[in-house]
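Shown next: data_19.pdb, containing PDB, C-alpha atoms.
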ATOM      1  CA  MET A 689       0.000   0.000   0.000  1.00  0.00           C
ATOM      2  CA  THR A 690       1.425   3.350  -0.976  1.00  0.00           C
ATOM      3  CA  LEU A 691       1.550   6.388   1.228  1.00  0.00           C
ATOM      4  CA  SER A 692      -0.974   8.226  -0.921  1.00  0.00           C
ATOM      5  CA  ARG A 693      -3.475   5.355  -0.561  1.00  0.00           C
ATOM      6  CA  ARG A 694      -2.967   5.314   3.194  1.00  0.00           C
ATOM      7  CA  LEU A 695      -3.550   9.055   3.409  1.00  0.00           C
ATOM      8  CA  GLY A 696      -6.626   8.729   1.224  1.00  0.00           C
ATOM      9  CA  ALA A 697      -7.999   6.010   3.497  1.00  0.00           C
ATOM     10  CA  LEU A 698      -7.368   8.148   6.576  1.00  0.00           C
ATOM     11  CA  GLU A 699      -9.008  11.185   5.002  1.00  0.00           C
ATOM     12  CA  GLN A 700     -12.152   9.155   4.379  1.00  0.00           C
ATOM     13  CA  ARG A 701     -12.356   8.284   8.077  1.00  0.00           C
ATOM     14  CA  VAL A 702     -12.356  11.892   9.274  1.00  0.00           C
ATOM     15  CA  PRO A 703     -15.847  12.651  10.531  1.00  0.00           C
ATOM     16  CA  ALA A 704     -17.668  15.418   8.732  1.00  0.00           C
ATOM     17  CA  PRO A 705     -18.476  18.436  10.878  1.00  0.00           C
ATOM     18  CA  ARG A 706     -22.055  18.434  12.050  1.00  0.00           C
ATOM     19  CA  ALA A 707     -24.385  21.186  11.044  1.00  0.00           C
ATOM     20  CA  GLY A 708     -25.540  23.082  14.095  1.00  0.00           C
ATOM     21  CA  ARG A 709     -25.448  26.422  15.760  1.00  0.00           C
ATOM     22  CA  PRO A 710     -22.018  28.071  15.783  1.00  0.00           C
ATOM     23  CA  VAL A 711     -19.878  27.479  18.857  1.00  0.00           C
ATOM     24  CA  PRO A 712     -17.360  30.167  19.937  1.00  0.00           C
ATOM     25  CA  ASP A 713     -13.637  29.454  19.822  1.00  0.00           C
ATOM     26  CA  ASP A 714     -12.933  31.498  22.957  1.00  0.00           C
ATOM     27  CA  PRO A 715     -13.323  29.636  26.285  1.00  0.00           C
ATOM     28  CA  VAL A 716     -15.072  32.537  28.067  1.00  0.00           C
ATOM     29  CA  ALA A 717     -17.487  33.114  25.179  1.00  0.00           C
ATOM     30  CA  PHE A 718     -18.045  29.350  25.063  1.00  0.00           C
ATOM     31  CA  ALA A 719     -19.032  29.185  28.747  1.00  0.00           C
ATOM     32  CA  ARG A 720     -21.271  32.238  28.593  1.00  0.00           C
ATOM     33  CA  GLY A 721     -22.921  31.065  25.360  1.00  0.00           C
ATOM     34  CA  LEU A 722     -23.556  27.597  26.785  1.00  0.00           C
ATOM     35  CA  LEU A 723     -25.180  29.047  29.917  1.00  0.00           C
ATOM     36  CA  ALA A 724     -27.206  31.530  27.868  1.00  0.00           C
ATOM     37  CA  GLY A 725     -28.521  28.759  25.615  1.00  0.00           C
ATOM     38  CA  ALA A 726     -26.902  30.135  22.456  1.00  0.00           C
ATOM     39  CA  PHE A 727     -25.927  26.536  21.662  1.00  0.00           C
ATOM     40  CA  GLY A 728     -26.228  23.170  23.324  1.00  0.00           C
ATOM     41  CA  PRO A 729     -24.243  19.967  23.739  1.00  0.00           C
ATOM     42  CA  GLU A 730     -25.639  18.679  20.438  1.00  0.00           C
ATOM     43  CA  ASP A 731     -23.861  21.547  18.644  1.00  0.00           C
ATOM     44  CA  LEU A 732     -20.411  20.644  20.007  1.00  0.00           C
ATOM     45  CA  ASP A 733     -17.875  19.100  17.668  1.00  0.00           C
ATOM     46  CA  PRO A 734     -16.355  15.978  19.273  1.00  0.00           C
ATOM     47  CA  THR A 735     -13.276  16.360  17.064  1.00  0.00           C
ATOM     48  CA  HIS A 736     -12.603  19.942  18.223  1.00  0.00           C
ATOM     49  CA  PRO A 737      -9.548  19.970  20.500  1.00  0.00           C
ATOM     50  CA  HIS A 738     -11.219  22.106  23.202  1.00  0.00           C
ATOM     51  CA  HIS A 739     -14.999  21.650  23.186  1.00  0.00           C
ATOM     52  CA  THR A 740     -15.079  18.575  25.428  1.00  0.00           C
ATOM     53  CA  GLY A 741     -12.592  20.038  27.893  1.00  0.00           C
ATOM     54  CA  TRP A 742     -14.398  23.371  28.073  1.00  0.00           C
ATOM     55  CA  LEU A 743     -17.734  21.621  28.598  1.00  0.00           C
ATOM     56  CA  THR A 744     -16.205  19.574  31.419  1.00  0.00           C
ATOM     57  CA  THR A 745     -14.812  22.718  33.031  1.00  0.00           C
ATOM     58  CA  VAL A 746     -18.191  24.476  32.914  1.00  0.00           C
ATOM     59  CA  VAL A 747     -19.978  21.436  34.369  1.00  0.00           C
ATOM     60  CA  ALA A 748     -17.369  21.100  37.132  1.00  0.00           C
ATOM     61  CA  PHE A 749     -17.708  24.796  37.951  1.00  0.00           C
ATOM     62  CA  LEU A 750     -21.487  24.546  38.072  1.00  0.00           C
ATOM     63  CA  GLY A 751     -21.097  21.556  40.398  1.00  0.00           C
ATOM     64  CA  THR A 752     -19.446  23.846  42.921  1.00  0.00           C
ATOM     65  CA  LEU A 753     -22.616  25.952  43.007  1.00  0.00           C
ATOM     66  CA  THR A 754     -24.906  23.193  44.266  1.00  0.00           C
ATOM     67  CA  PRO A 755     -26.379  23.628  47.747  1.00  0.00           C
ATOM     68  CA  GLU A 756     -24.726  20.398  48.919  1.00  0.00           C
ATOM     69  CA  HIS A 757     -21.293  21.575  47.845  1.00  0.00           C
ATOM     70  CA  ARG A 758     -21.818  25.036  49.333  1.00  0.00           C
ATOM     71  CA  ALA A 759     -22.955  23.433  52.621  1.00  0.00           C
ATOM     72  CA  TRP A 760     -19.838  21.252  52.694  1.00  0.00           C
ATOM     73  CA  GLU A 761     -17.618  24.277  52.023  1.00  0.00           C
ATOM     74  CA  ALA A 762     -19.297  26.161  54.874  1.00  0.00           C
ATOM     75  CA  SER A 763     -18.828  23.173  57.204  1.00  0.00           C
ATOM     76  CA  VAL A 764     -15.071  23.170  56.586  1.00  0.00           C
ATOM     77  CA  GLY A 765     -14.781  26.951  56.850  1.00  0.00           C
ATOM     78  CA  ILE A 766     -14.734  28.012  53.190  1.00  0.00           C
ATOM     79  CA  THR A 767     -17.147  30.890  52.824  1.00  0.00           C
ATOM     80  CA  SER A 768     -15.859  32.843  49.820  1.00  0.00           C
ATOM     81  CA  GLY A 769     -16.872  32.317  46.209  1.00  0.00           C
ATOM     82  CA  PRO A 770     -19.990  32.640  44.111  1.00  0.00           C
ATOM     83  CA  THR A 771     -23.245  31.109  45.256  1.00  0.00           C
ATOM     84  CA  CYS A 772     -25.171  31.730  42.032  1.00  0.00           C
ATOM     85  CA  LEU A 773     -24.546  32.946  38.511  1.00  0.00           C
ATOM     86  CA  ASP A 774     -24.893  36.618  39.278  1.00  0.00           C
ATOM     87  CA  ALA A 775     -22.212  39.131  38.265  1.00  0.00           C
ATOM     88  CA  HIS A 776     -19.750  37.711  40.803  1.00  0.00           C
ATOM     89  CA  GLY A 777     -20.481  34.146  39.720  1.00  0.00           C
ATOM     90  CA  LEU A 778     -19.992  34.962  36.055  1.00  0.00           C
ATOM     91  CA  ALA A 779     -16.737  36.776  36.855  1.00  0.00           C
ATOM     92  CA  ALA A 780     -15.520  33.667  38.711  1.00  0.00           C
ATOM     93  CA  LEU A 781     -16.545  31.461  35.784  1.00  0.00           C
ATOM     94  CA  ASP A 782     -14.685  33.770  33.378  1.00  0.00           C
ATOM     95  CA  ALA A 783     -11.547  33.496  35.521  1.00  0.00           C
ATOM     96  CA  VAL A 784     -11.798  29.694  35.581  1.00  0.00           C
ATOM     97  CA  MET A 785     -12.251  29.513  31.810  1.00  0.00           C
ATOM     98  CA  ARG A 786      -9.315  31.842  31.165  1.00  0.00           C
ATOM     99  CA  ARG A 787      -7.032  29.649  33.285  1.00  0.00           C
ATOM    100  CA  GLY A 788      -7.733  26.736  30.994  1.00  0.00           C
TER
END
Using structure tokens, write down the structure that the file contains.
Amino acid sequence: MTLSRRLGALEQRVPAPRAGRPVPDDPVAFARGLLAGAFGPEDLDPTHPHHTGWLTTVVAFLGTLTPEHRAWEASVGITSGPTCLDAHGLAALDAVMRRG
């Protein structure tokens, strides 16, 4: 098998991008757009190098906002941080997404 045939075979296996709503390429815009409903998980490209990681980061951040997690933090003496997605919560989310 020649190299050109191998490359041709590999090119045929590359999944075609799905048609959907556009997803931002900036992590902060991605997080804000996801929370605003500008796009959903069905619009994410599984072959994009960042979409899955960014989605995981947003979900993990949102997990820290649950009442159970906040109660645990208070029980161990952690009282700072956002409790909801108000201006302070969105600023904290932006900082998390910029860290990468």
**Request:** Calculate how many Å separate CA of Pro710 (chain A) from CA of Leu773 (chain A), rounding to one decimal.
**Result:**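 Interatomic distance here is 23.4 Å.
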**Message:** Selection in question (the file shown): the PyMOL selection byres ((chain A and resi 782) around 9). Which residues does it include, as a ChimeraX atom specification?
**Reply:** /A:715-717,719-720,777-781,783-787
Just-selected residues, C-alpha atoms written as a PDB file, in the coordinates of the input:
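Result file is selection13.pdb:
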ATOM      1  CA  PRO A 715     -13.323  29.636  26.285  1.00  0.00           C
ATOM      2  CA  VAL A 716     -15.072  32.537  28.067  1.00  0.00           C
ATOM      3  CA  ALA A 717     -17.487  33.114  25.179  1.00  0.00           C
ATOM      4  CA  ALA A 719     -19.032  29.185  28.747  1.00  0.00           C
ATOM      5  CA  ARG A 720     -21.271  32.238  28.593  1.00  0.00           C
ATOM      6  CA  GLY A 777     -20.481  34.146  39.720  1.00  0.00           C
ATOM      7  CA  LEU A 778     -19.992  34.962  36.055  1.00  0.00           C
ATOM      8  CA  ALA A 779     -16.737  36.776  36.855  1.00  0.00           C
ATOM      9  CA  ALA A 780     -15.520  33.667  38.711  1.00  0.00           C
ATOM     10  CA  LEU A 781     -16.545  31.461  35.784  1.00  0.00           C
ATOM     11  CA  ALA A 783     -11.547  33.496  35.521  1.00  0.00           C
ATOM     12  CA  VAL A 784     -11.798  29.694  35.581  1.00  0.00           C
ATOM     13  CA  MET A 785     -12.251  29.513  31.810  1.00  0.00           C
ATOM     14  CA  ARG A 786      -9.315  31.842  31.165  1.00  0.00           C
ATOM     15  CA  ARG A 787      -7.032  29.649  33.285  1.00  0.00           C
TER      16      ARG A 787
END
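Here CA of His757 (chain A) and CA of Asp714 (chain A) stand 28.1 Å from one another.
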Axis-aligned box for all listed atoms of region 738-754 of chain A, 3 Å per side, centre and edges in Å to one decimal, as JSON:
{"center_x": -18.1, "center_y": 22.3, "center_z": 33.7, "size_x": 19.7, "size_y": 13.4, "size_z": 27.1}
**Request:** Have a look at A:Gly725, A:Pro755, A:Gly696, A:Gly765 and name the one nearest to Arg709 (chain A); count only C-alpha atoms.
**Result:**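 Going through A:Gly725, A:Pro755, A:Gly696, A:Gly765 one by one, the smallest distance to Arg709 (chain A) is for A:Gly725.
Taking CA of Leu723 (chain A) as the reference point, CA of Ala762 (chain A) is found at 25.8 Å.
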**Item:** Evaluate the PyMOL selection byres ((chain A and resi 730-732) around 12) and report residues as a VMD selection string
**Value:** chain A and resid 705 to 713 718 721 to 722 725 to 729 733 to 743
